[in-house]
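The structure under discussion appears below in the form of structure tokens.
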Amino acid sequence: MKFSPRWRVIWLSLLLVCGAAFAADGAPGQAPAGAVRLGQVAQRPGHAAIASANFHATQAGLDVLAKGGNAFDAAVAVAAALSVVEPESSGLGGGFMAVLHRASDGHDVFIDAREVAPAAVDSKDYLNADGSPNRDASLKGPLSAGIPGEPAGLALIARRYGRLSLKQSLAPAIRLARDGFRVDSRLHDEMVGQQKDLARWPASAAKYLVNGQPPSEGAVWRDPEQARTLELLAKHGDSDFYRGATAKKLVAAVRAAGGNWTLADLASYRAKERTPISINYRGYHIITAPPPSSGGVAIAEILNILSGFDMSHLDQAHRVHLMVEAMRRAFRDHNDYLGDPDFVKMPLDMLLSPYYADGLRQSILADRATPSSMLPAASAGEPGMHTTHFSIIDADGNMASVTSTVNYIMGSTFVAAGTGVLLNDEMDDFALVPGKPNVYGLLGSVANAPKPGKRMLSSMSPSIVIGPHSTAVIGSPGGSTIITQVLEGILHFIDGESAQQIVAHKRFHHQYMPDVVAVEAGTFDPATSAELSRMGYTLKQRASWGFMNVVTWNRKTNQLDAASDPRHPSGLGKVQ
Ligand code: GLY
């Protein structure tokens with residue numbers, strides 16, 4: 001559909017009027033915090049549930065709970081085990097974001113263990129001679145790696161929220177790394193996919209390849225160097241990783257291969273506690289990720305827009321139309337405004353305001369797509385699925401929603417010699433080249449430009465949803481699609497679906513640019529697809545969708561459920 005220049009003027013005026021209305025009203029900032037709180041119908045589940053992307057990791061968490069740990073100790077155990085058994089997605093060389101809910105006092109906190117740029121970061125290192133993005137530099141090898149946050153984040157959770165020592169919580173991961181585990185088909189396939197790049201770095205080849213080949217499916221695979229690094233973390237907390245022998249090895253390995261980390265970069269890294277984003281929607285209270293994730297802001301903006309529509313009487317095509325239009329507007333803002341809150345002033349009061357959502361809602365046409373080119377601001381590839389999410393509720397009702405990542409498949413593919421640590425390639429999540437999308441097709445502005453010590457913007461959206469009678473801990477990997485997958489999961493939960501139904505549900509995604517709706521096969525019936533095309537949407541089938549892990553607690557019946565995405569057989573959701 002083409003819009004005439006006159007239409008463009010009308011369109012822009014409408015947006016400006018909406019913006020002005022917001023400003024004149026002096027609208028409040030964040031949506032009011034939870035009218036619905038767990039305490040009102042407080043029960044203690046009395047048993048626990050964990051869902052993660054790998055059955056060894058789920059079991060590691062359950063073992064730590066059995067030893068007297070709480071959900072937060074279990075989160076440390078699951079994350080560390082995933083570093084060993086699911087290295088394609090997350091690990092000590094990466095970072096994570098978590099939303100924690102402490103049952104005893106209702107305290108909600110966001111743990112930001114996101115990587116940061118090293119002090120010597122220079123955007124020019126990520127450009128080819130002709131000024132085009134050098135994807136090899138931003139996605140492979142030591143220049144692509146930010147300073148890891150995972151060890152600091154795990155130590156922080158154990159210290160401030162756990163009941164057990166780091167040594168007790170890391171014990172299952174150390175055991176898995178030392179004694180080994182059988183390589184599953186997923187890990188085998190990912191190693192085959194990255195084989196050429198792993199072979200570029202001697203320590204990566206030594207760790208992941210046997211005679212130049214990835215271990216076969218079913219082979220027992222051990223990770224003794226990572227076991228040693230985990231033992232040092234268990235013994236000394238994160239001081240060894242950031243200031244001790246491991247720090248020295250990391251810096252030496254990175255610099256020998258052309259990277260620019262210094263000991264000072266590691267020594268100055270801190271995981272941070274931040275206030276999560278809280279929003280209410282249809283009587284449910286949603287606690288989710290603030291910047292440096294864009295996920296919570298986008299989810300809040302989308303829900304605020306949708307809250308003004310009665311979607312109950314709409315057919316599927318019209319419901320999807322409204323959702324895609326809300327996604328389009330939220331992703332436009334994501335591209336323009338968001339970055340590391342320690343570096344960038346962001347108009348969060350505006351973005352999270354119901355008045356701002358009112359304006360955006362009014363710009364949605366009843367049964368016609370708004371081309372993204374009509375919304376003032378900024379193409380793209382198929383997002384990858386790497387990153388991992390797990391969800392935990394313990395017997396006391398403590399909850400941990402944790403999304404952890406090394407970014408793309410097996411991160412930078414660079415293992416720092418002598419540490420067993422596979423480094424992330426999170427530098428690609430910065431807006432490295434203005435106007436050029438990252439590997440997930442996300443565009444960014446100066447708000448997400450790289451700077452020394454700055455956190456790159458993330459889409460990770462770990463969330464907790466508390467309703468009148470039920471609670472869900474939810475999240476997913478999936479690059480930029482994390483946001484819309486988690487959003488859809490939250491809506492399915494609010495619609496009354498079970499954990500199993502939520503993780504199995506077909507999904508779709510829109511992110512402003514490219515101006516297409518990515519769709520999983522079977523999401524829409526032919527009539528809905530035809531109606532969406534008539535409205536102006538371009539539907540594009542996409543094969544890979546996130547590995548969602550959800551636990552739910554029905555507080556009326558006191559039933560816990562844990563479900564792992566059926567698209568990926570390595571996952572395990574288990575109630576203990
Ligand atoms: N590296 C993926 C994300 O943080 O969104």
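We label chains A, B, ... in the order they appear in the structure tokens, count residues from 1 in each chain, and number ligands from 1 in the order shown.
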
Please run DSSP on the backbone and report, as a ChimeraX atom specification, all residues within segment 360-573 of chain A that come out as strand (DSSP E or B).
/A:388-393,399-405,415-416,421-422,455,458,463-466,470-474,508-509,517-519,539-541,549-554,559-564,572-573

Could you write out, as a ChimeraX atom specification, all the residues of segment 63-154 of chain A that DSSP marks as helix (DSSP H, G or I)?
/A:63-66,71-85,123-126,135-139,142-144,150-154

Compile a residue-level contact table for chain A against ligand 1 at a cut-off of 10 Å, reporting for every qualifying residue the shortest atom pair and its distance in Å to one decimal, with only C-alpha atoms and all ligand atoms counted, rows ordered by chain and ascending number, as CSV.
```
residue,atom,partner,partner_atom_place_in_ligand_line,distance
A:Ser89,CA,ligand 1,1 (N),9.5
A:Ser90,CA,ligand 1,1 (N),9.7
A:Gly94,CA,ligand 1,1 (N),9.2
A:Gly95,CA,ligand 1,4 (O),8.5
A:Phe96,CA,ligand 1,4 (O),8.2
A:Met97,CA,ligand 1,4 (O),8.8
A:Arg114,CA,ligand 1,4 (O),8.1
A:Glu115,CA,ligand 1,4 (O),9.4
A:Pro292,CA,ligand 1,4 (O),9.2
A:Ser293,CA,ligand 1,4 (O),7.4
A:Ser294,CA,ligand 1,5 (O),8.4
A:Gly295,CA,ligand 1,5 (O),8.4
A:Pro383,CA,ligand 1,2 (C),9.6
A:Gly384,CA,ligand 1,2 (C),9.0
A:Met385,CA,ligand 1,2 (C),9.0
A:His386,CA,ligand 1,2 (C),7.6
A:Thr387,CA,ligand 1,2 (C),6.6
A:Thr388,CA,ligand 1,2 (C),9.8
A:Thr403,CA,ligand 1,4 (O),8.7
A:Ser404,CA,ligand 1,4 (O),8.1
A:Thr405,CA,ligand 1,1 (N),6.1
A:Val406,CA,ligand 1,1 (N),6.6
A:Asn407,CA,ligand 1,1 (N),3.7
A:Tyr408,CA,ligand 1,1 (N),6.7
A:Ile409,CA,ligand 1,1 (N),10.0
A:Gly411,CA,ligand 1,1 (N),9.0
A:Asn424,CA,ligand 1,1 (N),8.7
A:Asp425,CA,ligand 1,1 (N),8.0
A:Glu426,CA,ligand 1,1 (N),5.7
A:Met427,CA,ligand 1,1 (N),8.9
A:Asp428,CA,ligand 1,1 (N),8.0
A:Asp429,CA,ligand 1,1 (N),6.2
A:Phe430,CA,ligand 1,1 (N),9.8
A:Val439,CA,ligand 1,1 (N),9.4
A:Tyr440,CA,ligand 1,2 (C),8.3
A:Leu442,CA,ligand 1,5 (O),9.8
A:Met456,CA,ligand 1,4 (O),8.0
A:Leu457,CA,ligand 1,4 (O),6.8
A:Ser458,CA,ligand 1,4 (O),3.6
A:Ser459,CA,ligand 1,5 (O),3.6
A:Met460,CA,ligand 1,5 (O),5.0
A:Ser461,CA,ligand 1,5 (O),8.5
A:Pro477,CA,ligand 1,2 (C),7.9
A:Gly478,CA,ligand 1,2 (C),7.5
A:Gly479,CA,ligand 1,2 (C),4.8
A:Ser480,CA,ligand 1,5 (O),6.1
A:Thr481,CA,ligand 1,5 (O),8.8
A:Ile482,CA,ligand 1,5 (O),7.5
A:Ile483,CA,ligand 1,5 (O),9.0
```

Give me the residues near segment 237-254 of chain A as a ChimeraX atom specification, where near means some atom within 10 Å (using only C-alpha atoms) and where sequence neighbours in that chain fewer than 6 positions away do not count.
/A:92-93,141-143,145,147-156,158-159,165-167,203,228-231,260-270,414-421,423

Taking only C-alpha atoms into account, produce a table as JSON lines in which each residue of segment 426-461 of chain A with an atom at most 9 Å from an atom of segment 122-125 of chain A appears once, together with its shortest atom pair and the distance in Å to one decimal, ordered by chain and rising number.
```
{"residue": "A:Leu432", "atom": "CA", "partner": "A:Ser123", "partner_atom": "CA", "distance": 6.0}
{"residue": "A:Val433", "atom": "CA", "partner": "A:Ser123", "partner_atom": "CA", "distance": 7.5}
{"residue": "A:Ala449", "atom": "CA", "partner": "A:Ser123", "partner_atom": "CA", "distance": 8.5}
{"residue": "A:Pro450", "atom": "CA", "partner": "A:Ser123", "partner_atom": "CA", "distance": 7.0}
{"residue": "A:Lys451", "atom": "CA", "partner": "A:Asp122", "partner_atom": "CA", "distance": 8.0}
{"residue": "A:Pro452", "atom": "CA", "partner": "A:Asp122", "partner_atom": "CA", "distance": 8.8}
```

Store the residues of this selection in a file with N, CA, C and O atoms, as a CSV table (one decimal), in the first residue's frame.
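result_9.csv was written with the following content:
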```csv
chain,number,residue,atom,x,y,z
A,432,LEU,N,26.6,-0.6,16.1
A,432,LEU,CA,28.0,-0.4,15.8
A,432,LEU,C,28.1,0.5,14.5
A,432,LEU,O,29.1,1.3,14.5
A,433,VAL,N,27.2,0.4,13.6
A,433,VAL,CA,27.3,1.2,12.4
A,433,VAL,C,25.9,1.9,12.2
A,433,VAL,O,24.9,1.2,12.0
A,449,ALA,N,25.0,3.4,21.0
A,449,ALA,CA,26.3,3.4,20.4
A,449,ALA,C,27.3,2.9,21.4
A,449,ALA,O,27.1,3.1,22.6
A,450,PRO,N,28.4,2.2,21.0
A,450,PRO,CA,29.3,1.6,22.0
A,450,PRO,C,30.2,2.7,22.6
A,450,PRO,O,30.5,3.7,22.0
A,451,LYS,N,30.4,2.5,23.9
A,451,LYS,CA,31.2,3.5,24.7
A,451,LYS,C,32.0,2.6,25.7
A,451,LYS,O,31.4,1.6,26.2
A,452,PRO,N,33.1,3.0,26.2
A,452,PRO,CA,33.8,2.3,27.2
A,452,PRO,C,32.9,2.0,28.4
A,452,PRO,O,32.3,2.9,29.0
```

Which residues are close to segment 186-198 of chain A, i.e. within 10 Å by only C-alpha atoms, leaving aside same-chain residues fewer than 5 positions away? Reply as number ranges by chain.
A: 85-89, 140-141, 203-209, 212-219, 409-415, 568-570

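Using only C-alpha atoms, the nearest neighbour of Ser391 of chain A within the list A:Pro526, A:Gly467, A:Pro202, A:Gly573 is A:Gly573.
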
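Nearest to Thr484 of chain A of all the residues A:Leu365, A:Val76, A:Ile302, A:Leu314 is A:Ile302, counting only C-alpha atoms.
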
As an exercise, work out the distance from atom CA of Phe110 of chain A to atom CA of Ile277 of chain A in Å and give it to one decimal place.
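Computing it gives 8.7 Å between the two atoms.
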